[in-house]
Amino acid sequence: MPRRRSYDQYCAAARALDAVGDRWTLLIVRELLAGPRRYTDLHADLPGVSTDVLASRLKDMERDALATRRRLPPPAAAYVYELTERGRGLLPVLTALAEWGAPALGERRPTDAVRAHWFAIPLLPVLSGPESVAAGLLEVRLDEGAFHVRLGDGEPEYGDGPAENPDARLVLDADTCRELSGGALTIGDGVRDGRIEVSGDGTLATVLRGE
């Protein structure tokens with residue numbers, strides 16, 4: 001395959017940007033951190049990306065061992081893309097970027113697309129912080145959809161869509177997510193103010209309610 005553009009600098013940061021510095025690449029990683037996705041699903045959840053650019057970025061990610069493509073068994077008979085271990089190692093990078101970028105969100109613009117699972121990465125440090133020390137499967141519901149987070153030892157993991165038999169469920173809106181991720185609101189304050197609804201009977205739900 002042709003050699004892709006490089007900064008040609010003997011620097012770890014430059015090498016990293018050689019692999020993920022192109023437009024859309026890190027957002028594709030964001031989508032695949034939620035689990036294997038079909039090409040059509042990726043295109044639907046990356047508004048604004050052209051089919052040519054998406055296909056090109058996925059090929060680059062396969063070449064750089066960030067993602068792989070595999071065929072699902074029957075009856076699905078579809079191909080999905082998923083991250084390699086090296087690709088999943090970008091979660092802390094995206095978490096740091098989300099934390100840095102959260103104060104710049106401000107009010108949602110009329111042209112801004114939004115998906116529920118886009119809030120997962122900026123909320124991970126909040127959900128795995130002091131107010132949520134219990135392990136378990138947490139479902140987060142917004143008007144725009146749902147995602148789920150598995151909390152416990154090590155890095156939390158998240159996935160798109162509702163959870164099967166979650167230990168706790170949070171119901172909130174996008175503005176509340178924005179304030180949580182930006183540090184303007186805590187989960188406890190959101191629960192007390194009625195902006196966050198917590199359901200569930202287990203330890204995780206109890207901790208999130210501040211009981």
# chains A, B, ... in the order shown; residues from 1 in each chain; ligands from 1
$ residues_around --residues "Glu139 (chain A)" --least-positions-apart "3" --cutoff "6 Å" --atoms "only C-alpha atoms" --output "list of chain:residue names"
A:His148, A:Ala163, A:Arg169
$ write_last_selection --atoms "C-alpha atoms" --output "JSON list (two decimals), in the first residue's frame"
[["chain", "number", "residue", "atom", "x", "y", "z"],
["A", 148, "HIS", "CA", -24.32, 1.54, 29.05],
["A", 163, "ALA", "CA", -28.10, -2.64, 28.86],
["A", 169, "ARG", "CA", -30.19, 3.24, 35.48]]
$ residues_around --residues "Arg37 (chain A)" --least-positions-apart "5" --cutoff "8 Å" --atoms "only C-alpha atoms" --output "MDAnalysis selection string"
chainID A and resid 31:32 42 80:82
$ write_last_selection --atoms "N, CA and C atoms" --output "PDB file, in the first residue's frame"
ATOM      1  N   GLU A  31     -16.489   5.786  18.020  1.00  0.00           N
ATOM      2  CA  GLU A  31     -17.617   4.916  17.701  1.00  0.00           C
ATOM      3  C   GLU A  31     -17.286   3.447  17.983  1.00  0.00           C
ATOM      4  N   LEU A  32     -16.086   3.025  17.626  1.00  0.00           N
ATOM      5  CA  LEU A  32     -15.725   1.609  17.780  1.00  0.00           C
ATOM      6  C   LEU A  32     -15.411   1.244  19.225  1.00  0.00           C
ATOM      7  N   LEU A  42     -21.567   3.055  11.217  1.00  0.00           N
ATOM      8  CA  LEU A  42     -20.551   4.088  11.399  1.00  0.00           C
ATOM      9  C   LEU A  42     -20.907   5.340  10.609  1.00  0.00           C
ATOM     10  N   VAL A  80     -18.256  -6.359  10.120  1.00  0.00           N
ATOM     11  CA  VAL A  80     -18.169  -5.327  11.144  1.00  0.00           C
ATOM     12  C   VAL A  80     -16.704  -4.935  11.329  1.00  0.00           C
ATOM     13  N   TYR A  81     -16.517  -3.717  11.795  1.00  0.00           N
ATOM     14  CA  TYR A  81     -15.197  -3.231  12.172  1.00  0.00           C
ATOM     15  C   TYR A  81     -15.119  -3.205  13.691  1.00  0.00           C
ATOM     16  N   GLU A  82     -13.957  -3.561  14.211  1.00  0.00           N
ATOM     17  CA  GLU A  82     -13.757  -3.490  15.655  1.00  0.00           C
ATOM     18  C   GLU A  82     -12.318  -3.107  15.941  1.00  0.00           C
TER      19      GLU A  82
END
$ residues_around --residues "region 191-202 of chain A" --least-positions-apart "2" --cutoff "9 Å" --atoms "only C-alpha atoms" --output "ChimeraX atom specification"
/A:136,166-173,176,186-189,204-210
$ select_by_dssp --residues "region 84-181 of chain A" --states "helix (DSSP H, G or I)" --output "JSON, numbers by chain"
{"A": [85, 86, 87, 88, 91, 92, 93, 94, 95, 96, 97, 98, 99, 100, 101, 102, 103, 104, 116, 117, 118, 119, 120, 121, 122, 123, 124, 125, 126, 127, 174, 175, 176, 177, 178, 179, 180, 181]}
$ select_by_dssp --residues "chain A" --states "strand (DSSP E)" --output "JSON, numbers by chain"
{"A": [67, 68, 69, 70, 71, 79, 80, 81, 82, 83, 136, 137, 138, 139, 140, 141, 142, 145, 146, 147, 148, 149, 150, 151, 157, 158, 159, 160, 168, 169, 170, 171, 197, 198, 199]}
$ atom_distance --atom1 "CA of Leu54 (chain A)" --atom2 "CA of Ala98 (chain A)"
21.8 Å
$ atom_distance --atom1 "CA of Leu97 (chain A)" --atom2 "CA of Ile121 (chain A)"
9.5 Å
$ residues_around --residues "Val149 (chain A)" --least-positions-apart "2" --cutoff "10 Å" --atoms "only C-alpha atoms" --output "PyMOL selection string"
chain A and resi 34+120-121+123-124+127-128+136-140+147+151-152+156-160+162-163+166
$ write_last_selection --atoms "N, CA and C atoms" --output "compact mmCIF listing (two decimals), in the first residue's frame"
# COMPACT_ATOMS: atom_id res chain seq x y z
N ALA A 34 -17.37 1.74 21.47
CA ALA A 34 -18.67 1.27 21.94
C ALA A 34 -18.97 -0.15 21.48
N ALA A 120 -20.77 9.28 26.51
CA ALA A 120 -20.18 8.22 27.34
C ALA A 120 -18.75 8.55 27.74
N ILE A 121 -17.91 8.91 26.77
CA ILE A 121 -16.49 9.14 27.08
C ILE A 121 -16.31 10.30 28.06
N LEU A 123 -18.30 11.28 30.27
CA LEU A 123 -18.90 10.94 31.56
C LEU A 123 -18.15 9.82 32.28
N LEU A 124 -17.26 9.10 31.59
CA LEU A 124 -16.56 7.99 32.25
C LEU A 124 -15.83 8.40 33.52
N LEU A 127 -18.51 8.94 36.21
CA LEU A 127 -19.19 7.72 36.65
C LEU A 127 -18.28 6.78 37.40
N SER A 128 -16.98 6.86 37.16
CA SER A 128 -16.04 5.99 37.87
C SER A 128 -15.32 6.73 38.99
N GLY A 136 -20.55 -2.53 38.70
CA GLY A 136 -21.84 -2.94 38.17
C GLY A 136 -22.06 -2.42 36.77
N LEU A 137 -23.20 -2.79 36.21
CA LEU A 137 -23.60 -2.39 34.87
C LEU A 137 -24.60 -1.25 34.97
N LEU A 138 -24.25 -0.12 34.41
CA LEU A 138 -25.06 1.08 34.50
C LEU A 138 -25.61 1.44 33.12
N GLU A 139 -26.91 1.69 33.06
CA GLU A 139 -27.54 2.18 31.84
C GLU A 139 -27.81 3.66 31.99
N VAL A 140 -27.47 4.42 30.95
CA VAL A 140 -27.70 5.87 30.95
C VAL A 140 -28.67 6.19 29.82
N PHE A 147 -26.96 4.50 26.38
CA PHE A 147 -25.71 3.77 26.32
C PHE A 147 -25.51 3.11 27.68
N LEU A 151 -18.80 -0.67 35.17
CA LEU A 151 -17.88 -0.10 36.14
C LEU A 151 -17.29 -1.20 37.01
N GLY A 152 -16.06 -1.02 37.43
CA GLY A 152 -15.41 -2.01 38.28
C GLY A 152 -13.92 -1.76 38.29
N PRO A 156 -13.21 1.64 32.90
CA PRO A 156 -14.62 1.35 32.60
C PRO A 156 -14.80 1.10 31.12
N GLU A 157 -15.80 0.31 30.77
CA GLU A 157 -16.11 0.02 29.37
C GLU A 157 -17.52 0.50 29.07
N TYR A 158 -17.73 0.98 27.86
CA TYR A 158 -19.07 1.45 27.50
C TYR A 158 -19.50 0.86 26.18
N GLY A 159 -20.82 0.86 25.98
CA GLY A 159 -21.38 0.35 24.74
C GLY A 159 -22.61 1.16 24.36
N ASP A 160 -22.92 1.15 23.09
CA ASP A 160 -24.10 1.86 22.59
C ASP A 160 -25.34 1.05 22.89
N PRO A 162 -29.22 0.27 25.10
CA PRO A 162 -29.58 -0.09 26.47
C PRO A 162 -28.84 -1.33 26.94
N ALA A 163 -28.77 -1.48 28.26
CA ALA A 163 -28.10 -2.64 28.86
C ALA A 163 -29.12 -3.73 29.16
N PRO A 166 -29.50 -4.13 33.78
CA PRO A 166 -28.54 -3.24 34.44
C PRO A 166 -28.72 -3.25 35.95
$ decode --residues "region 24-114 of chain A" --atoms "C-alpha atoms" --output "CSV table (one decimal), in the first residue's frame"
chain,number,residue,atom,x,y,z
A,24,TRP,CA,-12.4,11.8,11.5
A,25,THR,CA,-10.0,9.1,12.6
A,26,LEU,CA,-10.4,9.7,16.4
A,27,LEU,CA,-14.1,10.0,16.0
A,28,ILE,CA,-14.2,6.6,14.3
A,29,VAL,CA,-12.3,5.3,17.3
A,30,ARG,CA,-14.9,6.9,19.5
A,31,GLU,CA,-17.6,4.9,17.7
A,32,LEU,CA,-15.7,1.6,17.8
A,33,LEU,CA,-14.9,1.9,21.5
A,34,ALA,CA,-18.7,1.3,21.9
A,35,GLY,CA,-18.3,-2.1,20.2
A,36,PRO,CA,-18.1,-3.6,16.7
A,37,ARG,CA,-20.0,-1.6,14.1
A,38,ARG,CA,-21.1,-2.1,10.6
A,39,TYR,CA,-19.9,0.4,7.9
A,40,THR,CA,-23.5,1.7,7.5
A,41,ASP,CA,-23.8,2.2,11.3
A,42,LEU,CA,-20.6,4.1,11.4
A,43,HIS,CA,-21.7,6.3,8.5
A,44,ALA,CA,-25.0,7.0,10.2
A,45,ASP,CA,-23.4,8.0,13.5
A,46,LEU,CA,-20.7,10.2,11.9
A,47,PRO,CA,-22.8,12.9,10.3
A,48,GLY,CA,-20.8,14.9,7.8
A,49,VAL,CA,-18.3,12.3,6.8
A,50,SER,CA,-18.3,11.2,3.1
A,51,THR,CA,-18.4,7.5,2.2
A,52,ASP,CA,-15.0,7.9,0.5
A,53,VAL,CA,-13.3,9.5,3.5
A,54,LEU,CA,-14.8,6.9,5.9
A,55,ALA,CA,-13.7,4.0,3.7
A,56,SER,CA,-10.2,5.5,3.4
A,57,ARG,CA,-9.9,6.1,7.2
A,58,LEU,CA,-11.0,2.5,8.0
A,59,LYS,CA,-8.4,1.2,5.6
A,60,ASP,CA,-5.7,3.3,7.2
A,61,MET,CA,-6.8,2.0,10.6
A,62,GLU,CA,-6.6,-1.6,9.5
A,63,ARG,CA,-3.1,-0.9,8.0
A,64,ASP,CA,-2.0,0.7,11.3
A,65,ALA,CA,-3.4,-2.2,13.3
A,66,LEU,CA,-5.9,0.0,15.1
A,67,ALA,CA,-9.0,-1.9,13.8
A,68,THR,CA,-9.9,-5.1,12.0
A,69,ARG,CA,-12.7,-6.2,9.8
A,70,ARG,CA,-14.5,-9.5,10.2
A,71,ARG,CA,-17.6,-11.2,8.9
A,72,LEU,CA,-20.4,-12.0,11.4
A,73,PRO,CA,-21.7,-15.6,11.4
A,74,PRO,CA,-25.0,-16.4,9.8
A,75,PRO,CA,-27.8,-15.3,9.8
A,76,ALA,CA,-26.2,-11.8,10.0
A,77,ALA,CA,-23.7,-12.4,7.2
A,78,ALA,CA,-22.5,-8.8,7.5
A,79,TYR,CA,-19.0,-7.3,8.1
A,80,VAL,CA,-18.2,-5.3,11.1
A,81,TYR,CA,-15.2,-3.2,12.2
A,82,GLU,CA,-13.8,-3.5,15.7
A,83,LEU,CA,-10.8,-2.1,17.5
A,84,THR,CA,-7.6,-4.0,18.2
A,85,GLU,CA,-6.0,-3.9,21.6
A,86,ARG,CA,-3.8,-1.0,20.3
A,87,GLY,CA,-6.9,0.8,19.1
A,88,ARG,CA,-8.7,0.3,22.5
A,89,GLY,CA,-5.6,1.8,24.1
A,90,LEU,CA,-6.8,5.2,22.7
A,91,LEU,CA,-9.6,5.4,25.3
A,92,PRO,CA,-7.5,7.4,27.8
A,93,VAL,CA,-6.5,9.8,24.9
A,94,LEU,CA,-10.1,10.4,24.0
A,95,THR,CA,-11.1,10.8,27.6
A,96,ALA,CA,-8.4,13.5,28.1
A,97,LEU,CA,-9.6,15.2,24.9
A,98,ALA,CA,-13.2,15.2,26.0
A,99,GLU,CA,-12.3,16.6,29.4
A,100,TRP,CA,-10.2,19.3,27.8
A,101,GLY,CA,-13.0,20.1,25.3
A,102,ALA,CA,-16.0,19.9,27.7
A,103,PRO,CA,-15.8,23.6,28.7
A,104,ALA,CA,-16.0,24.6,25.0
A,105,LEU,CA,-19.4,22.9,24.4
A,106,GLY,CA,-21.6,25.7,25.6
A,107,GLU,CA,-25.1,25.7,24.4
A,108,ARG,CA,-26.0,23.3,21.6
A,109,ARG,CA,-26.0,25.0,18.2
A,110,PRO,CA,-29.0,24.4,15.8
A,111,THR,CA,-26.6,22.7,13.4
A,112,ASP,CA,-25.1,20.3,16.0
A,113,ALA,CA,-25.8,16.6,15.6
A,114,VAL,CA,-26.0,14.6,18.8
